[in-house]
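Here the structure is laid out as structure tokens; the discussion comes afterwards.
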Amino acid sequence: GQSLEQPSEVTAVEGAIVQINCTYQTSGFYGLSWYQQHDGGAPTFLSYNALDGLEETGRFSSFLSRSDSYGYLLLQELQMKDSASYFCAVRAWDDAGNMLTFGGGTRLMVKP
Amino acid sequence: EAGVAQSPRYKIIEKRQSVAFWCNPISGHATLYWYQQILGQGPKLLIQFQNNGVVDDSQLPKDRFSAERLKGVDSTLKIQPAKLEDSAVYLCASSPTSGANVLTFGAGSRLTVL
């Protein structure tokens, strides 16, 4: 099976930069995804990394190191609306096939 | 395009009662997922369908949970009888294929078991 670890909570101020780390243990690894979920809302896709390196999409960037089984989500120029939970998710192959497994989530609180 | 539709949004039942949740995925998406999300935790996959066939249901408590996707489009998740620990949000998601990198989630159905 797969296991993922990420911090439960992170606090930062508006305009700052925050990094949310994710470490994983899995076999048959394909890639690492990040999802954002506001309270009471649906998880929404942010990014996907299959190869080592940094992927940038606007204020958000995601990094993957396959050799270290590690990735992070970087949020720049934080805004109040970025207050949400962020989940890393591993796409991997197991006995059941190609599966997506979510971490426990990191709750980001952005303060003025 | 229309998103993933789920109903009901909220449901309160007593333990040992039954409940059913409905999901209509994005048109043309072959893969449909049901996730359970307990408050403060990440989504946990219950069952994954590819068209109308089950790909994985290894984490579905089959003594009380059942799900079907008869025509490869809509899906229903049923719980009978419900337990207190079933209180959670039940999220439906869909993707074009089983290996797709992007899942589109519905708003979820929040179940409270008293």
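Naming scheme: A, B, ... for chains in displayed order of the structure tokens; residues 1 onward per chain; ligands 1 onward as shown.
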
Per-residue nearest contacts of chain B to chain A (7 Å; only C-alpha atoms) as CSV:
```
residue,atom,partner,partner_atom,distance
B:Gln41,CA,A:Gly104,CA,4.9
B:Gly42,CA,A:Gly104,CA,4.2
B:Pro43,CA,A:Phe102,CA,6.1
B:Lys44,CA,A:Phe102,CA,6.9
B:Val55,CA,A:Ala96,CA,6.8
B:Asp56,CA,A:Ala96,CA,5.6
B:Ser98,CA,A:Asn98,CA,6.9
B:Gly99,CA,A:Asn98,CA,6.1
B:Asn101,CA,A:Tyr48,CA,6.8
B:Val102,CA,A:Phe45,CA,6.3
B:Leu103,CA,A:Phe45,CA,7.0
B:Thr104,CA,A:Thr44,CA,6.8
B:Phe105,CA,A:Ala42,CA,5.8
B:Gly106,CA,A:Ala42,CA,5.9
B:Ala107,CA,A:Ala42,CA,4.6
B:Gly108,CA,A:Ala42,CA,6.8
```

Need to verify the contact set: Gln2 of chain A, 9 Å, only C-alpha atoms, exclusion of same-chain residues closer than 5 positions in sequence. Can you return it as a list in words?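 What passes the distance filter is Tyr24, Gln25, Thr26, Ser27, Val90, Ala92, Asp94 and Thr101 of chain A.
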
Using N, CA and C atoms, can you write the selected residues to a file as an mmCIF file, in the first residue's frame?
```cif
data_model
loop_
_atom_site.group_PDB
_atom_site.id
_atom_site.type_symbol
_atom_site.label_atom_id
_atom_site.label_comp_id
_atom_site.auth_asym_id
_atom_site.auth_seq_id
_atom_site.Cartn_x
_atom_site.Cartn_y
_atom_site.Cartn_z
ATOM 1 N N TYR A 24 6.389 10.359 0.988
ATOM 2 C CA TYR A 24 5.537 9.215 0.696
ATOM 3 C C TYR A 24 6.342 7.929 0.659
ATOM 4 N N GLN A 25 5.634 6.831 0.892
ATOM 5 C CA GLN A 25 6.219 5.500 0.745
ATOM 6 C C GLN A 25 5.272 4.697 -0.132
ATOM 7 N N THR A 26 5.798 4.223 -1.241
ATOM 8 C CA THR A 26 4.943 3.486 -2.157
ATOM 9 C C THR A 26 5.793 2.681 -3.119
ATOM 10 N N SER A 27 5.184 1.717 -3.745
ATOM 11 C CA SER A 27 5.827 1.020 -4.853
ATOM 12 C C SER A 27 5.031 1.341 -6.099
ATOM 13 N N VAL A 90 -0.693 10.457 -4.058
ATOM 14 C CA VAL A 90 0.232 9.647 -4.852
ATOM 15 C C VAL A 90 -0.545 8.821 -5.868
ATOM 16 N N ALA A 92 -0.103 5.644 -7.970
ATOM 17 C CA ALA A 92 0.799 4.496 -7.942
ATOM 18 C C ALA A 92 0.058 3.252 -8.369
ATOM 19 N N ASP A 94 -0.787 -0.596 -7.678
ATOM 20 C CA ASP A 94 -0.756 -1.672 -6.687
ATOM 21 C C ASP A 94 -1.555 -2.859 -7.246
ATOM 22 N N THR A 101 -3.990 7.824 -3.967
ATOM 23 C CA THR A 101 -4.128 7.789 -2.515
ATOM 24 C C THR A 101 -3.775 9.157 -1.945
#
```

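One distance worth recording is that between atom CA of Ser94 of chain B and atom CA of Cys22 of chain A, which is 24.3 Å.
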
Hey, what's within 10 Å of segment 61-63 of chain B if we count only C-alpha atoms and toss same-chain stuff fewer than 2 positions away? As a PyMOL selection string, please?
chain B and resi 46+57-59+65-67+79-81

Same residues, C-alpha atoms, output as a compact mmCIF listing (two decimals), in the first residue's frame:
```txt
# COMPACT_ATOMS: atom_id res chain seq x y z
CA LEU B 46 -14.05 3.37 -1.13
CA ASP B 57 -13.34 -1.92 -3.78
CA SER B 58 -10.76 -3.21 -1.33
CA GLN B 59 -11.56 -0.51 1.27
CA PHE B 65 -21.75 -0.52 2.02
CA SER B 66 -22.70 -1.19 -1.57
CA ALA B 67 -22.29 0.77 -4.76
CA ILE B 79 -25.08 2.29 3.52
CA GLN B 80 -27.23 -0.21 5.41
CA PRO B 81 -27.23 -0.30 8.39
```

Take atom CA of Arg16 of chain B and atom CA of Ala88 of chain B and report the distance between them in Å, one decimal.
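Separating atom CA of Arg16 of chain B from atom CA of Ala88 of chain B is a distance of 15.7 Å.
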
TODO: Would you list, as number ranges by chain, the residues of segment 4-104 of chain A that end up in strand (DSSP E) under DSSP run on this structure's backbone?
DONE: A: 4-5, 9-13, 18-25, 29-37, 44-49, 53-57, 60-65, 70-75, 84-94, 97-102

Take the selection from the previous step and output its residues with C-alpha atoms, as a PDB file, in the first residue's frame.
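As a result, part00.pdb now contains:
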```pdb
ATOM      1  CA  LEU A   4       1.919   9.812   2.849  1.00  0.00           C
ATOM      2  CA  GLU A   5       2.966  12.295   5.496  1.00  0.00           C
ATOM      3  CA  GLU A   9      -1.239  22.755  10.069  1.00  0.00           C
ATOM      4  CA  VAL A  10       0.724  25.708   8.729  1.00  0.00           C
ATOM      5  CA  THR A  11       0.203  29.393   9.467  1.00  0.00           C
ATOM      6  CA  ALA A  12       1.559  32.281   7.405  1.00  0.00           C
ATOM      7  CA  VAL A  13       0.873  35.950   6.821  1.00  0.00           C
ATOM      8  CA  VAL A  18       4.809  29.045   2.392  1.00  0.00           C
ATOM      9  CA  GLN A  19       6.027  25.542   1.592  1.00  0.00           C
ATOM     10  CA  ILE A  20       3.961  22.438   2.368  1.00  0.00           C
ATOM     11  CA  ASN A  21       6.010  19.246   2.377  1.00  0.00           C
ATOM     12  CA  CYS A  22       4.896  15.729   1.563  1.00  0.00           C
ATOM     13  CA  THR A  23       6.834  12.504   1.971  1.00  0.00           C
ATOM     14  CA  TYR A  24       5.537   9.215   0.696  1.00  0.00           C
ATOM     15  CA  GLN A  25       6.219   5.500   0.745  1.00  0.00           C
ATOM     16  CA  PHE A  29       5.047   5.243  -8.201  1.00  0.00           C
ATOM     17  CA  TYR A  30       3.715   7.255 -11.131  1.00  0.00           C
ATOM     18  CA  GLY A  31       3.403  10.789  -9.811  1.00  0.00           C
ATOM     19  CA  LEU A  32       2.422  13.221  -7.078  1.00  0.00           C
ATOM     20  CA  SER A  33      -0.616  15.485  -7.193  1.00  0.00           C
ATOM     21  CA  TRP A  34      -1.778  18.385  -5.062  1.00  0.00           C
ATOM     22  CA  TYR A  35      -5.393  19.330  -4.327  1.00  0.00           C
ATOM     23  CA  GLN A  36      -6.882  22.326  -2.545  1.00  0.00           C
ATOM     24  CA  GLN A  37     -10.044  22.090  -0.466  1.00  0.00           C
ATOM     25  CA  THR A  44      -9.835  20.889  -6.644  1.00  0.00           C
ATOM     26  CA  PHE A  45      -6.772  19.890  -8.628  1.00  0.00           C
ATOM     27  CA  LEU A  46      -3.720  22.148  -8.401  1.00  0.00           C
ATOM     28  CA  SER A  47      -0.778  20.315  -9.939  1.00  0.00           C
ATOM     29  CA  TYR A  48       0.815  17.012 -10.914  1.00  0.00           C
ATOM     30  CA  ASN A  49       4.487  16.026 -11.013  1.00  0.00           C
ATOM     31  CA  GLY A  53      11.850  19.155 -10.696  1.00  0.00           C
ATOM     32  CA  LEU A  54       9.684  22.184 -10.269  1.00  0.00           C
ATOM     33  CA  GLU A  55       6.387  22.870 -12.020  1.00  0.00           C
ATOM     34  CA  GLU A  56       5.095  26.429 -11.846  1.00  0.00           C
ATOM     35  CA  THR A  57       1.511  27.565 -12.300  1.00  0.00           C
ATOM     36  CA  PHE A  60       1.688  27.995  -7.021  1.00  0.00           C
ATOM     37  CA  SER A  61       4.644  25.712  -7.721  1.00  0.00           C
ATOM     38  CA  SER A  62       5.099  22.029  -7.025  1.00  0.00           C
ATOM     39  CA  PHE A  63       8.335  20.101  -6.683  1.00  0.00           C
ATOM     40  CA  LEU A  64       9.148  16.407  -6.815  1.00  0.00           C
ATOM     41  CA  SER A  65      12.223  14.359  -5.959  1.00  0.00           C
ATOM     42  CA  TYR A  70       9.497  13.814  -1.382  1.00  0.00           C
ATOM     43  CA  GLY A  71       7.596  16.696  -2.823  1.00  0.00           C
ATOM     44  CA  TYR A  72       6.346  20.097  -1.822  1.00  0.00           C
ATOM     45  CA  LEU A  73       3.807  22.714  -2.769  1.00  0.00           C
ATOM     46  CA  LEU A  74       5.042  26.300  -2.741  1.00  0.00           C
ATOM     47  CA  LEU A  75       2.546  29.129  -2.466  1.00  0.00           C
ATOM     48  CA  ALA A  84      -7.709  26.028   2.890  1.00  0.00           C
ATOM     49  CA  SER A  85      -6.574  22.442   3.295  1.00  0.00           C
ATOM     50  CA  TYR A  86      -3.979  21.123   0.876  1.00  0.00           C
ATOM     51  CA  PHE A  87      -3.643  17.426   0.105  1.00  0.00           C
ATOM     52  CA  CYS A  88      -0.833  15.608  -1.598  1.00  0.00           C
ATOM     53  CA  ALA A  89      -1.863  12.450  -3.412  1.00  0.00           C
ATOM     54  CA  VAL A  90       0.232   9.647  -4.852  1.00  0.00           C
ATOM     55  CA  ARG A  91      -0.623   8.006  -8.161  1.00  0.00           C
ATOM     56  CA  ALA A  92       0.799   4.496  -7.942  1.00  0.00           C
ATOM     57  CA  TRP A  93       0.282   0.984  -9.181  1.00  0.00           C
ATOM     58  CA  ASP A  94      -0.756  -1.672  -6.687  1.00  0.00           C
ATOM     59  CA  GLY A  97      -4.338  -1.258 -10.486  1.00  0.00           C
ATOM     60  CA  ASN A  98      -3.546   2.426 -10.961  1.00  0.00           C
ATOM     61  CA  MET A  99      -4.678   4.120  -7.749  1.00  0.00           C
ATOM     62  CA  LEU A 100      -4.719   7.631  -6.289  1.00  0.00           C
ATOM     63  CA  THR A 101      -4.128   7.789  -2.515  1.00  0.00           C
ATOM     64  CA  PHE A 102      -4.473  11.014  -0.526  1.00  0.00           C
TER      65      PHE A 102
END
```

query: Which value, in Å to one decimal, gives the distance between atom CA of Ala20 of chain B and atom CA of Pro96 of chain B?
result: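 If I compute the distance from atom CA of Ala20 of chain B to atom CA of Pro96 of chain B, I get 24.8 Å.
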
Can you tell me which residues surround Leu77 of chain B at a distance of at most 12 Å, considering only C-alpha atoms, apart from same-chain residues fewer than 6 positions away, and format the answer as a PDB file with N, CA and C atoms, in the first residue's frame?
```pdb
ATOM      1  N   GLN B   6     -23.879  15.752  -7.097  1.00  0.00           N
ATOM      2  CA  GLN B   6     -24.143  14.807  -6.014  1.00  0.00           C
ATOM      3  C   GLN B   6     -25.396  15.241  -5.258  1.00  0.00           C
ATOM      4  N   SER B   7     -26.104  14.244  -4.771  1.00  0.00           N
ATOM      5  CA  SER B   7     -27.245  14.535  -3.892  1.00  0.00           C
ATOM      6  C   SER B   7     -27.474  13.356  -2.957  1.00  0.00           C
ATOM      7  N   PRO B   8     -28.059  13.608  -1.778  1.00  0.00           N
ATOM      8  CA  PRO B   8     -28.338  14.934  -1.227  1.00  0.00           C
ATOM      9  C   PRO B   8     -27.064  15.584  -0.704  1.00  0.00           C
ATOM     10  N   SER B  18     -30.800   3.259   6.967  1.00  0.00           N
ATOM     11  CA  SER B  18     -30.099   3.173   5.686  1.00  0.00           C
ATOM     12  C   SER B  18     -30.110   4.526   4.992  1.00  0.00           C
ATOM     13  N   VAL B  19     -29.172   4.701   4.067  1.00  0.00           N
ATOM     14  CA  VAL B  19     -29.060   5.958   3.318  1.00  0.00           C
ATOM     15  C   VAL B  19     -28.466   5.645   1.951  1.00  0.00           C
ATOM     16  N   ALA B  20     -28.827   6.460   0.984  1.00  0.00           N
ATOM     17  CA  ALA B  20     -28.269   6.299  -0.367  1.00  0.00           C
ATOM     18  C   ALA B  20     -27.837   7.648  -0.897  1.00  0.00           C
ATOM     19  N   PHE B  21     -26.706   7.638  -1.562  1.00  0.00           N
ATOM     20  CA  PHE B  21     -26.172   8.842  -2.186  1.00  0.00           C
ATOM     21  C   PHE B  21     -26.069   8.625  -3.687  1.00  0.00           C
ATOM     22  N   TRP B  22     -26.308   9.687  -4.418  1.00  0.00           N
ATOM     23  CA  TRP B  22     -26.325   9.607  -5.889  1.00  0.00           C
ATOM     24  C   TRP B  22     -25.254  10.508  -6.470  1.00  0.00           C
ATOM     25  N   CYS B  23     -24.661  10.070  -7.580  1.00  0.00           N
ATOM     26  CA  CYS B  23     -23.629  10.851  -8.241  1.00  0.00           C
ATOM     27  C   CYS B  23     -23.817  10.789  -9.755  1.00  0.00           C
ATOM     28  N   ASN B  24     -23.724  11.945 -10.383  1.00  0.00           N
ATOM     29  CA  ASN B  24     -23.724  12.033 -11.846  1.00  0.00           C
ATOM     30  C   ASN B  24     -22.402  12.637 -12.277  1.00  0.00           C
ATOM     31  N   LEU B  32     -15.212   6.540 -12.335  1.00  0.00           N
ATOM     32  CA  LEU B  32     -15.951   7.180 -11.250  1.00  0.00           C
ATOM     33  C   LEU B  32     -15.445   6.647  -9.926  1.00  0.00           C
ATOM     34  N   TYR B  33     -15.273   7.540  -8.974  1.00  0.00           N
ATOM     35  CA  TYR B  33     -14.725   7.194  -7.668  1.00  0.00           C
ATOM     36  C   TYR B  33     -15.692   7.638  -6.566  1.00  0.00           C
ATOM     37  N   TRP B  34     -15.763   6.846  -5.513  1.00  0.00           N
ATOM     38  CA  TRP B  34     -16.400   7.278  -4.274  1.00  0.00           C
ATOM     39  C   TRP B  34     -15.321   7.318  -3.193  1.00  0.00           C
ATOM     40  N   TYR B  35     -15.207   8.477  -2.547  1.00  0.00           N
ATOM     41  CA  TYR B  35     -14.278   8.648  -1.441  1.00  0.00           C
ATOM     42  C   TYR B  35     -15.072   8.971  -0.172  1.00  0.00           C
ATOM     43  N   GLN B  36     -14.540   8.530   0.950  1.00  0.00           N
ATOM     44  CA  GLN B  36     -15.066   8.898   2.253  1.00  0.00           C
ATOM     45  C   GLN B  36     -14.076   9.856   2.905  1.00  0.00           C
ATOM     46  N   LEU B  46     -13.180   4.501  -1.460  1.00  0.00           N
ATOM     47  CA  LEU B  46     -14.049   3.372  -1.134  1.00  0.00           C
ATOM     48  C   LEU B  46     -14.173   2.425  -2.320  1.00  0.00           C
ATOM     49  N   ILE B  47     -14.431   2.988  -3.488  1.00  0.00           N
ATOM     50  CA  ILE B  47     -14.646   2.160  -4.668  1.00  0.00           C
ATOM     51  C   ILE B  47     -14.358   2.982  -5.910  1.00  0.00           C
ATOM     52  N   GLN B  48     -13.818   2.287  -6.918  1.00  0.00           N
ATOM     53  CA  GLN B  48     -13.509   2.914  -8.203  1.00  0.00           C
ATOM     54  C   GLN B  48     -14.138   2.088  -9.306  1.00  0.00           C
ATOM     55  N   PHE B  49     -14.876   2.742 -10.185  1.00  0.00           N
ATOM     56  CA  PHE B  49     -15.502   2.093 -11.331  1.00  0.00           C
ATOM     57  C   PHE B  49     -14.803   2.521 -12.619  1.00  0.00           C
ATOM     58  N   LEU B  60     -13.893  -0.883   0.763  1.00  0.00           N
ATOM     59  CA  LEU B  60     -15.342  -0.730   0.964  1.00  0.00           C
ATOM     60  C   LEU B  60     -15.814  -1.753   2.009  1.00  0.00           C
ATOM     61  N   PRO B  61     -16.414  -1.284   3.113  1.00  0.00           N
ATOM     62  CA  PRO B  61     -16.940  -2.248   4.114  1.00  0.00           C
ATOM     63  C   PRO B  61     -18.169  -2.962   3.558  1.00  0.00           C
ATOM     64  N   LYS B  62     -17.930  -4.077   2.946  1.00  0.00           N
ATOM     65  CA  LYS B  62     -18.968  -4.713   2.128  1.00  0.00           C
ATOM     66  C   LYS B  62     -20.118  -5.298   2.939  1.00  0.00           C
ATOM     67  N   ARG B  64     -21.792  -3.567   4.914  1.00  0.00           N
ATOM     68  CA  ARG B  64     -22.799  -2.522   5.087  1.00  0.00           C
ATOM     69  C   ARG B  64     -22.862  -1.539   3.920  1.00  0.00           C
ATOM     70  N   PHE B  65     -21.807  -1.456   3.145  1.00  0.00           N
ATOM     71  CA  PHE B  65     -21.745  -0.519   2.022  1.00  0.00           C
ATOM     72  C   PHE B  65     -21.904  -1.286   0.715  1.00  0.00           C
ATOM     73  N   SER B  66     -22.618  -0.653  -0.215  1.00  0.00           N
ATOM     74  CA  SER B  66     -22.705  -1.193  -1.565  1.00  0.00           C
ATOM     75  C   SER B  66     -22.743  -0.026  -2.544  1.00  0.00           C
ATOM     76  N   ALA B  67     -22.286  -0.278  -3.737  1.00  0.00           N
ATOM     77  CA  ALA B  67     -22.294   0.769  -4.765  1.00  0.00           C
ATOM     78  C   ALA B  67     -22.511   0.116  -6.115  1.00  0.00           C
ATOM     79  N   GLU B  68     -23.160   0.861  -6.995  1.00  0.00           N
ATOM     80  CA  GLU B  68     -23.371   0.361  -8.341  1.00  0.00           C
ATOM     81  C   GLU B  68     -23.307   1.490  -9.347  1.00  0.00           C
ATOM     82  N   ARG B  69     -22.995   1.110 -10.567  1.00  0.00           N
ATOM     83  CA  ARG B  69     -22.948   2.051 -11.682  1.00  0.00           C
ATOM     84  C   ARG B  69     -23.436   1.270 -12.905  1.00  0.00           C
ATOM     85  N   LEU B  70     -24.740   1.037 -12.912  1.00  0.00           N
ATOM     86  CA  LEU B  70     -25.325   0.049 -13.814  1.00  0.00           C
ATOM     87  C   LEU B  70     -25.126   0.368 -15.296  1.00  0.00           C
ATOM     88  N   TYR B  90     -19.172  12.134   1.853  1.00  0.00           N
ATOM     89  CA  TYR B  90     -18.966  11.159   0.788  1.00  0.00           C
ATOM     90  C   TYR B  90     -18.812  11.924  -0.518  1.00  0.00           C
ATOM     91  N   LEU B  91     -17.589  11.834  -1.040  1.00  0.00           N
ATOM     92  CA  LEU B  91     -17.214  12.582  -2.235  1.00  0.00           C
ATOM     93  C   LEU B  91     -17.241  11.660  -3.444  1.00  0.00           C
ATOM     94  N   CYS B  92     -17.863  12.126  -4.487  1.00  0.00           N
ATOM     95  CA  CYS B  92     -17.822  11.434  -5.774  1.00  0.00           C
ATOM     96  C   CYS B  92     -16.884  12.221  -6.683  1.00  0.00           C
ATOM     97  N   SER B 109     -21.573  14.729  -0.193  1.00  0.00           N
ATOM     98  CA  SER B 109     -22.788  14.513   0.601  1.00  0.00           C
ATOM     99  C   SER B 109     -22.356  14.314   2.049  1.00  0.00           C
TER     100      SER B 109
END
```
